[in-house]
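> Please read through the structure below; I'll follow up with questions.
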Amino acid sequence: MASRSSILLAAAALAALFAVGSCTTPLTFTVGKGSKPGHLILTPNVATISDVEIKEHGGDDFSFSLKEGPKGTWTLDTKSPLKYPLCIRFAVKSGGYRIADDVIPEGFKAGTTYKTTLSI
């Protein structure tokens, strides 16, 4: 039979694991200054993402890959304006891909930060 101190120690260890595992940051994307419908600069508020891709409104797949730039920015240049709102797919460096639906709205404002429903 387990002693009372062993049970308390196990409970404390589980509580610590839960607390560490639940420390996440709500993900946002800021549209960079100089962005316009065919030139998009995004800056996420976390540095733990990579492989950022965009899906246009009504699109079937994530057909636009953004180029990683300095200071954690991601840039996309297209020949024609994108169809908004945009969905964003990205890899999380701790593993797996995530999708943020309809993050960047039609008529977005450069310099504005847009919230997602995800936490990283």
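If you're wondering about the labels, chains in the structure tokens are A, B, ... by order shown, residues count from 1 in each chain, ligands from 1 in order shown.
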Extract, using only C-alpha atoms, all DNA, RNA and protein residues at most 10 Å from Gly32 (chain A), discarding same-chain residues fewer than 4 positions from it, and format them as a ChimeraX atom specification.
/A:36,39-43,73-75,109-113
> Can you tell me, as a compact mmCIF listing (two decimals) with all heavy atoms, in the first residue's frame, what residues are no more than 8 Å from Ser63 (chain A) when counting only C-alpha atoms, ignoring any on the same chain fewer than 2 positions away?

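Result file is selection31.txt:
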```
# COMPACT_ATOMS: atom_id res chain seq x y z
N GLU A 53 1.96 29.50 -44.58
CA GLU A 53 1.27 29.45 -45.86
C GLU A 53 -0.11 30.10 -45.73
O GLU A 53 -0.67 30.14 -44.64
CB GLU A 53 1.09 28.00 -46.31
CG GLU A 53 2.39 27.25 -46.48
CD GLU A 53 2.18 25.77 -46.72
OE1 GLU A 53 1.44 25.14 -45.95
OE2 GLU A 53 2.77 25.27 -47.69
N ILE A 54 -0.62 30.57 -46.87
CA ILE A 54 -1.90 31.29 -46.91
C ILE A 54 -2.87 30.55 -47.82
O ILE A 54 -2.49 30.06 -48.88
CB ILE A 54 -1.69 32.72 -47.47
CG1 ILE A 54 -0.81 33.55 -46.56
CG2 ILE A 54 -3.01 33.41 -47.75
CD1 ILE A 54 -1.45 33.95 -45.28
N LYS A 55 -4.13 30.54 -47.40
CA LYS A 55 -5.23 30.08 -48.26
C LYS A 55 -6.19 31.24 -48.42
O LYS A 55 -6.62 31.85 -47.44
CB LYS A 55 -5.94 28.87 -47.66
CG LYS A 55 -7.11 28.39 -48.52
CD LYS A 55 -7.72 27.09 -48.02
CE LYS A 55 -8.58 27.37 -46.81
NZ LYS A 55 -9.40 26.21 -46.43
N ASP A 61 -6.86 25.01 -51.22
CA ASP A 61 -5.62 24.61 -50.54
C ASP A 61 -4.78 25.83 -50.18
O ASP A 61 -5.09 26.96 -50.55
CB ASP A 61 -4.81 23.63 -51.40
CG ASP A 61 -4.44 24.20 -52.76
OD1 ASP A 61 -4.69 25.39 -53.01
OD2 ASP A 61 -3.90 23.45 -53.57
N SER A 65 3.05 30.33 -50.24
CA SER A 65 4.05 30.21 -49.17
C SER A 65 4.67 31.57 -48.91
O SER A 65 5.08 32.25 -49.86
CB SER A 65 5.14 29.22 -49.56
OG SER A 65 4.60 27.94 -49.68
```
> Using only C-alpha atoms, can you tell me which of A:Leu118, A:Gly72, A:Ser35, A:Pro85 comes closest to Ile104 (chain A)?
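Selected residue with least distance to Ile104 (chain A): A:Pro85.
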> Between CA of Leu76 (chain A) and CA of Phe62 (chain A), what is the spacing in Å?
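Atom-to-atom, CA of Phe62 (chain A) and CA of Leu76 (chain A) are spaced 12.8 Å apart.
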> Closest to Lys33 (chain A) among A:Phe108, A:Thr48, A:Glu56, A:Lys83, using only C-alpha atoms?
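When distances to Lys33 (chain A) are compared using only C-alpha atoms, the smallest one comes from A:Phe108.
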> Region 2-120 of chain A: which residues are strand (DSSP E) by DSSP, as an MDAnalysis selection string?
chainID A and resid 26:31 39:44 49:55 64:65 67:68 74:77 86:92 97:104 113:119
> Identify, on the basis of only C-alpha atoms, every residue whose closest approach to Gly38 (chain A) does not exceed 7 Å; exclude the query and any residue fewer than 5 positions from it along the same chain; express the result as an mmCIF file with C-alpha atoms, in the first residue's frame.

```cif
data_model
loop_
_atom_site.group_PDB
_atom_site.id
_atom_site.type_symbol
_atom_site.label_atom_id
_atom_site.label_comp_id
_atom_site.auth_asym_id
_atom_site.auth_seq_id
_atom_site.Cartn_x
_atom_site.Cartn_y
_atom_site.Cartn_z
ATOM 1 C CA ASP A 77 4.124 39.192 -52.988
ATOM 2 C CA THR A 78 1.483 38.273 -55.573
ATOM 3 C CA LYS A 79 0.761 39.562 -59.064
ATOM 4 C CA SER A 80 -2.904 40.069 -58.244
ATOM 5 C CA PRO A 81 -4.725 40.959 -55.021
ATOM 6 C CA LEU A 82 -5.599 38.095 -52.701
#
```
> Would you compute the distance between CA of Ile88 (chain A) and CA of Leu27 (chain A)? Give it in Å to one decimal.
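Spanning CA of Ile88 (chain A) to CA of Leu27 (chain A) is a straight-line distance of 11.5 Å.
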> Using only C-alpha atoms, which of A:Ile99, A:Leu66, A:Cys87, A:Val92 sits nearest Val46 (chain A)?
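Closest to Val46 (chain A) of all the choices is A:Val92.
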> Output as a PyMOL selection string all residues of chain A that backbone DSSP marks as alpha helix (DSSP H).
chain A and resi 4-21
> In Å, with one decimal, what is the gap from CA of Arg98 (chain A) to CA of Gly69 (chain A)?
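A separation of 20.4 Å between them.
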> Would you list the contacts of Lys115 (chain A) as a ChimeraX atom specification, taking every protein, DNA or RNA residue within 9 Å and counting only C-alpha atoms, but skipping same-chain residues closer than 4 positions in sequence?
/A:26-30,103
